[in-house]
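Data block for upload-v3.txt (compact mmCIF, C-alpha atoms and all ligand atoms):
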```txt
# COMPACT_ATOMS: atom_id res chain seq x y z
CA MET A 5 7.78 -6.70 -11.12
CA ASN A 6 6.60 -3.20 -10.22
CA ILE A 7 6.19 -2.13 -6.62
CA ALA A 8 4.79 0.99 -4.96
CA VAL A 9 6.21 2.69 -1.88
CA PHE A 10 3.98 4.67 0.50
CA ALA A 11 5.68 7.36 2.61
CA SER A 12 4.74 10.52 4.51
CA GLY A 13 8.05 12.01 5.59
CA SER A 14 11.75 12.22 4.90
CA GLY A 15 11.89 9.06 2.82
CA SER A 16 15.33 7.74 3.70
CA ASN A 17 13.94 4.20 3.45
CA PHE A 18 12.32 5.06 0.12
CA GLN A 19 15.76 6.22 -1.00
CA SER A 20 17.40 2.94 0.02
CA LEU A 21 14.78 0.98 -1.95
CA VAL A 22 15.25 3.23 -4.99
CA GLU A 23 19.02 2.81 -4.87
CA ALA A 24 18.71 -0.98 -4.62
CA SER A 25 16.30 -0.96 -7.54
CA GLU A 26 18.64 1.19 -9.65
CA ALA A 27 21.56 -1.08 -8.75
CA GLY A 28 19.53 -4.12 -9.88
CA SER A 29 19.59 -5.80 -6.46
CA LEU A 30 15.91 -5.32 -5.57
CA GLY A 31 14.55 -7.44 -8.41
CA ALA A 32 11.81 -4.84 -8.93
CA GLU A 33 11.11 -1.39 -10.26
CA ILE A 34 9.52 1.27 -8.09
CA SER A 35 6.72 2.42 -10.36
CA LEU A 36 4.91 4.74 -7.91
CA LEU A 37 5.36 6.71 -4.71
CA VAL A 38 2.14 7.36 -2.76
CA CYS A 39 2.43 10.28 -0.35
CA ASP A 40 -0.17 11.95 1.88
CA ARG A 41 1.78 15.16 2.56
CA LYS A 42 2.33 17.81 -0.08
CA ASP A 43 5.45 19.14 1.69
CA ALA A 44 7.19 15.81 2.39
CA LEU A 45 10.89 15.60 1.58
CA VAL A 46 10.33 12.17 0.04
CA LEU A 47 8.67 13.91 -2.95
CA GLU A 48 11.94 15.63 -3.83
CA ARG A 49 13.74 12.32 -3.70
CA ALA A 50 11.16 10.78 -6.07
CA LYS A 51 11.51 13.70 -8.47
CA LYS A 52 15.29 13.36 -8.55
CA HIS A 53 14.95 9.71 -9.54
CA GLY A 54 12.10 10.23 -12.00
CA ILE A 55 9.62 8.14 -10.02
CA PRO A 56 5.93 8.96 -10.55
CA THR A 57 4.04 10.18 -7.48
CA PHE A 58 0.46 10.23 -6.32
CA VAL A 59 0.07 12.92 -3.66
CA PHE A 60 -3.20 13.32 -1.80
CA THR A 61 -4.60 15.19 1.20
CA ALA A 62 -6.83 12.94 3.29
CA LYS A 63 -9.19 15.73 4.32
CA ASP A 64 -10.08 16.43 0.68
CA TYR A 65 -11.92 13.09 0.68
CA GLY A 66 -15.11 12.06 2.47
CA SER A 67 -13.62 8.86 3.89
CA LYS A 68 -10.61 6.58 3.97
CA ALA A 69 -12.42 4.22 1.56
CA GLU A 70 -12.69 7.09 -0.92
CA PHE A 71 -8.99 8.01 -1.00
CA GLU A 72 -7.96 4.36 -0.93
CA ARG A 73 -10.07 3.77 -4.06
CA LYS A 74 -8.11 6.58 -5.74
CA ILE A 75 -4.86 4.98 -4.60
CA ILE A 76 -5.95 1.63 -6.06
CA GLU A 77 -6.67 3.34 -9.40
CA GLN A 78 -3.13 4.74 -9.36
CA LEU A 79 -1.60 1.40 -8.37
CA ARG A 80 -3.35 -0.18 -11.37
CA THR A 81 -2.24 2.58 -13.72
CA HIS A 82 1.35 1.96 -12.65
CA ASP A 83 1.01 -1.85 -12.59
CA ALA A 84 2.13 -2.07 -8.97
CA GLU A 85 1.70 -5.59 -7.62
CA PHE A 86 3.29 -5.14 -4.22
CA ILE A 87 3.38 -2.30 -1.63
CA ALA A 88 6.18 -1.35 0.77
CA LEU A 89 5.21 1.14 3.47
CA ALA A 90 8.14 3.31 4.51
CA GLY A 91 7.11 5.82 7.14
CA TYR A 92 3.50 6.07 5.90
CA MET A 93 1.73 7.58 8.89
CA ARG A 94 -1.72 6.07 8.33
CA LEU A 95 -3.39 2.77 9.04
CA ILE A 96 -4.20 0.86 5.87
CA GLY A 97 -7.98 0.47 5.57
CA GLU A 98 -10.15 -2.41 4.46
CA THR A 99 -10.46 -1.09 0.89
CA LEU A 100 -6.72 -1.47 0.22
CA LEU A 101 -6.42 -4.64 2.31
CA LYS A 102 -9.15 -6.29 0.26
CA GLU A 103 -7.24 -5.67 -2.99
CA TYR A 104 -3.65 -6.02 -1.76
CA GLY A 105 -3.90 -8.15 1.42
CA GLY A 106 -0.76 -10.30 1.84
CA ARG A 107 1.10 -8.00 -0.56
CA ILE A 108 1.68 -5.04 1.77
CA ILE A 109 4.64 -4.85 4.13
CA ASN A 110 5.86 -2.25 6.62
CA ILE A 111 9.10 -1.38 8.42
CA HIS A 112 8.98 -0.43 12.10
CA PRO A 113 11.81 0.83 14.32
CA SER A 114 11.51 -1.65 17.22
CA LEU A 115 11.48 -5.38 17.82
CA LEU A 116 7.72 -5.93 17.55
CA PRO A 117 5.54 -6.76 19.40
CA ALA A 118 7.42 -4.34 21.67
CA PHE A 119 6.71 -0.64 21.14
CA PRO A 120 4.12 -0.55 18.34
CA GLY A 121 2.66 2.75 17.11
CA LYS A 122 4.18 6.20 17.25
CA ASP A 123 7.69 7.07 18.42
CA ALA A 124 8.93 3.51 18.97
CA ILE A 125 12.42 4.90 19.61
CA GLY A 126 11.19 7.22 22.39
CA GLN A 127 9.19 4.32 23.85
CA ALA A 128 12.30 2.09 23.92
CA LEU A 129 14.39 4.80 25.62
CA GLU A 130 11.63 5.46 28.13
CA ALA A 131 11.35 1.74 28.96
CA GLY A 132 15.12 1.49 29.44
CA VAL A 133 15.55 -1.62 27.27
CA LYS A 134 19.10 -2.57 26.37
CA ILE A 135 18.18 -3.98 22.96
CA SER A 136 15.77 -2.60 20.40
CA GLY A 137 15.87 -2.99 16.64
CA VAL A 138 13.96 -3.15 13.39
CA THR A 139 11.01 -5.28 12.26
CA ILE A 140 9.63 -5.86 8.79
CA HIS A 141 6.13 -7.30 8.85
CA TYR A 142 3.03 -7.91 6.77
CA VAL A 143 0.32 -5.31 7.15
CA ASP A 144 -3.09 -6.25 8.51
CA GLU A 145 -5.88 -4.10 9.93
CA GLY A 146 -4.04 -3.53 13.24
CA MET A 147 -1.32 -1.11 14.26
CA ASP A 148 2.00 -2.90 13.55
CA THR A 149 0.42 -6.30 14.26
CA GLY A 150 0.86 -8.36 11.05
CA GLY A 151 3.06 -11.43 10.68
CA ILE A 152 6.77 -10.81 11.18
CA ILE A 153 9.04 -11.34 8.15
CA ALA A 154 12.46 -10.16 9.39
CA GLN A 155 14.02 -8.59 12.46
CA GLU A 156 17.40 -7.25 13.40
CA ALA A 157 18.51 -6.21 16.88
CA VAL A 158 20.17 -2.87 17.63
CA PRO A 159 21.79 -2.36 21.06
CA VAL A 160 20.72 0.67 23.10
CA LEU A 161 23.91 2.27 24.46
CA VAL A 162 24.12 3.87 27.90
CA ASP A 163 24.53 7.39 26.56
CA ASP A 164 22.09 7.06 23.65
CA ASP A 165 19.63 9.85 23.08
CA HIS A 166 16.74 9.86 20.61
CA LYS A 167 18.91 11.09 17.76
CA SER A 168 21.82 8.68 18.21
CA LEU A 169 19.57 5.62 18.61
CA GLN A 170 17.48 6.67 15.62
CA GLN A 171 20.61 7.01 13.48
CA ARG A 172 21.82 3.50 14.31
CA ILE A 173 18.35 2.03 13.82
CA GLN A 174 17.98 3.77 10.46
CA ALA A 175 21.36 2.49 9.29
CA VAL A 176 20.06 -1.04 9.93
CA GLU A 177 16.75 -0.24 8.22
CA HIS A 178 18.47 0.97 5.05
CA ASP A 179 20.26 -2.34 4.71
CA LEU A 180 17.51 -4.72 5.93
CA TYR A 181 14.53 -3.30 3.98
CA PRO A 182 15.91 -3.68 0.43
CA ARG A 183 17.38 -7.11 1.27
CA THR A 184 14.07 -8.33 2.70
CA VAL A 185 12.01 -6.97 -0.21
CA ALA A 186 14.40 -8.65 -2.67
CA GLN A 187 14.11 -11.98 -0.83
CA LEU A 188 10.31 -11.83 -0.69
CA LEU A 189 9.94 -10.90 -4.35
CA SER A 190 12.34 -13.59 -5.49
CA LYS A 191 9.91 -16.17 -4.06
CA LYS A 192 6.94 -14.76 -5.97
C1 LIG A 201 11.43 4.66 9.78
O1 LIG A 201 12.16 4.66 10.98
C2 LIG A 201 10.47 3.51 9.74
O2 LIG A 201 10.86 2.41 10.52
C3 LIG A 201 9.21 4.10 10.33
O3 LIG A 201 9.20 5.43 9.90
C4 LIG A 201 10.53 5.88 9.68
C5 LIG A 201 10.56 6.52 8.31
O4 LIG A 201 11.78 7.17 8.06
N1 LIG A 201 8.04 3.36 9.92
P1 LIG A 201 12.15 7.66 6.59
O5 LIG A 201 11.04 8.61 6.15
O6 LIG A 201 12.24 6.45 5.72
O7 LIG A 201 13.45 8.37 6.73
```

How does the structure come out when it is put into structure tokens?
Ligand code: GRF
Amino acid sequence: MNIAVFASGSGSNFQSLVEASEAGSLGAEISLLVCDRKDALVLERAKKHGIPTFVFTAKDYGSKAEFERKIIEQLRTHDAEFIALAGYMRLIGETLLKEYGGRIINIHPSLLPAFPGKDAIGQALEAGVKISGVTIHYVDEGMDTGGIIAQEAVPVLVDDDHKSLQQRIQAVEHDLYPRTVAQLLSKK
């Protein structure tokens, strides 16, 4: 099966999915990276691994429906049947949900429903929780609201700052995301 990854930033989760795919443990090929930022580091990672990219700038289009139609064209061209969001900083709109609903998942750096939206790590530190973590969930029209597929807790240590907590959360993400994708796809 072919899958597409959507990312806007550094792409460390993209990298972990690519490595699992290359090692044969993902049970899928990554046939396309969709990216909405021309300068994102994730594009270099894709290039290094020979993964095709579709890069777009949202403001070049009249509406979200318009760029999502372009994305769908690309997904078809690359036979992608499943989508993993990995730091894609946009809400998925109804155009993509209509075509791929139930086949789009996301990774979020908190134990949802706690701390949805931006800077979940900062929100957790601000709230003073002792446990945060990682959630993988289906994508619906809301912000980090779809059905939960997998979660793993990460303790917040007394002297944690944003960077140290983010590093430990990301280490969990890089293990949990490929394992969860592999499990989901093996049931399809
Ligand atoms: C991850 O922490 C993920 O949970 C969130 O965005 C971040 C992306 O990081 N949705 P990276 O670009 O994969 O390094």

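Of note, CA of His112 (chain A) and CA of Ser67 (chain A) are spaced 25.8 Å apart.
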
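With CA of Ala8 (chain A) on one side and CA of Ser29 (chain A) on the other, the separation reads 16.4 Å.
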
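For the pair atom P1 of ligand LIG 201 (chain A) and CA of Gly13 (chain A), the separation is 6.1 Å.
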
| remark: The residue from A:Ser35, A:Ser25, A:Gln174, A:Asn6 with the smallest atom-to-atom distance to ligand LIG 201 (chain A), counting only C-alpha atoms and all ligand atoms, is A:Gln174

| task | May I have the residues within 6 Å of ligand LIG 201 (chain A), computed using only C-alpha atoms and all ligand atoms, as a ChimeraX atom specification? | result | /A:13-18,90-91,111-113,174
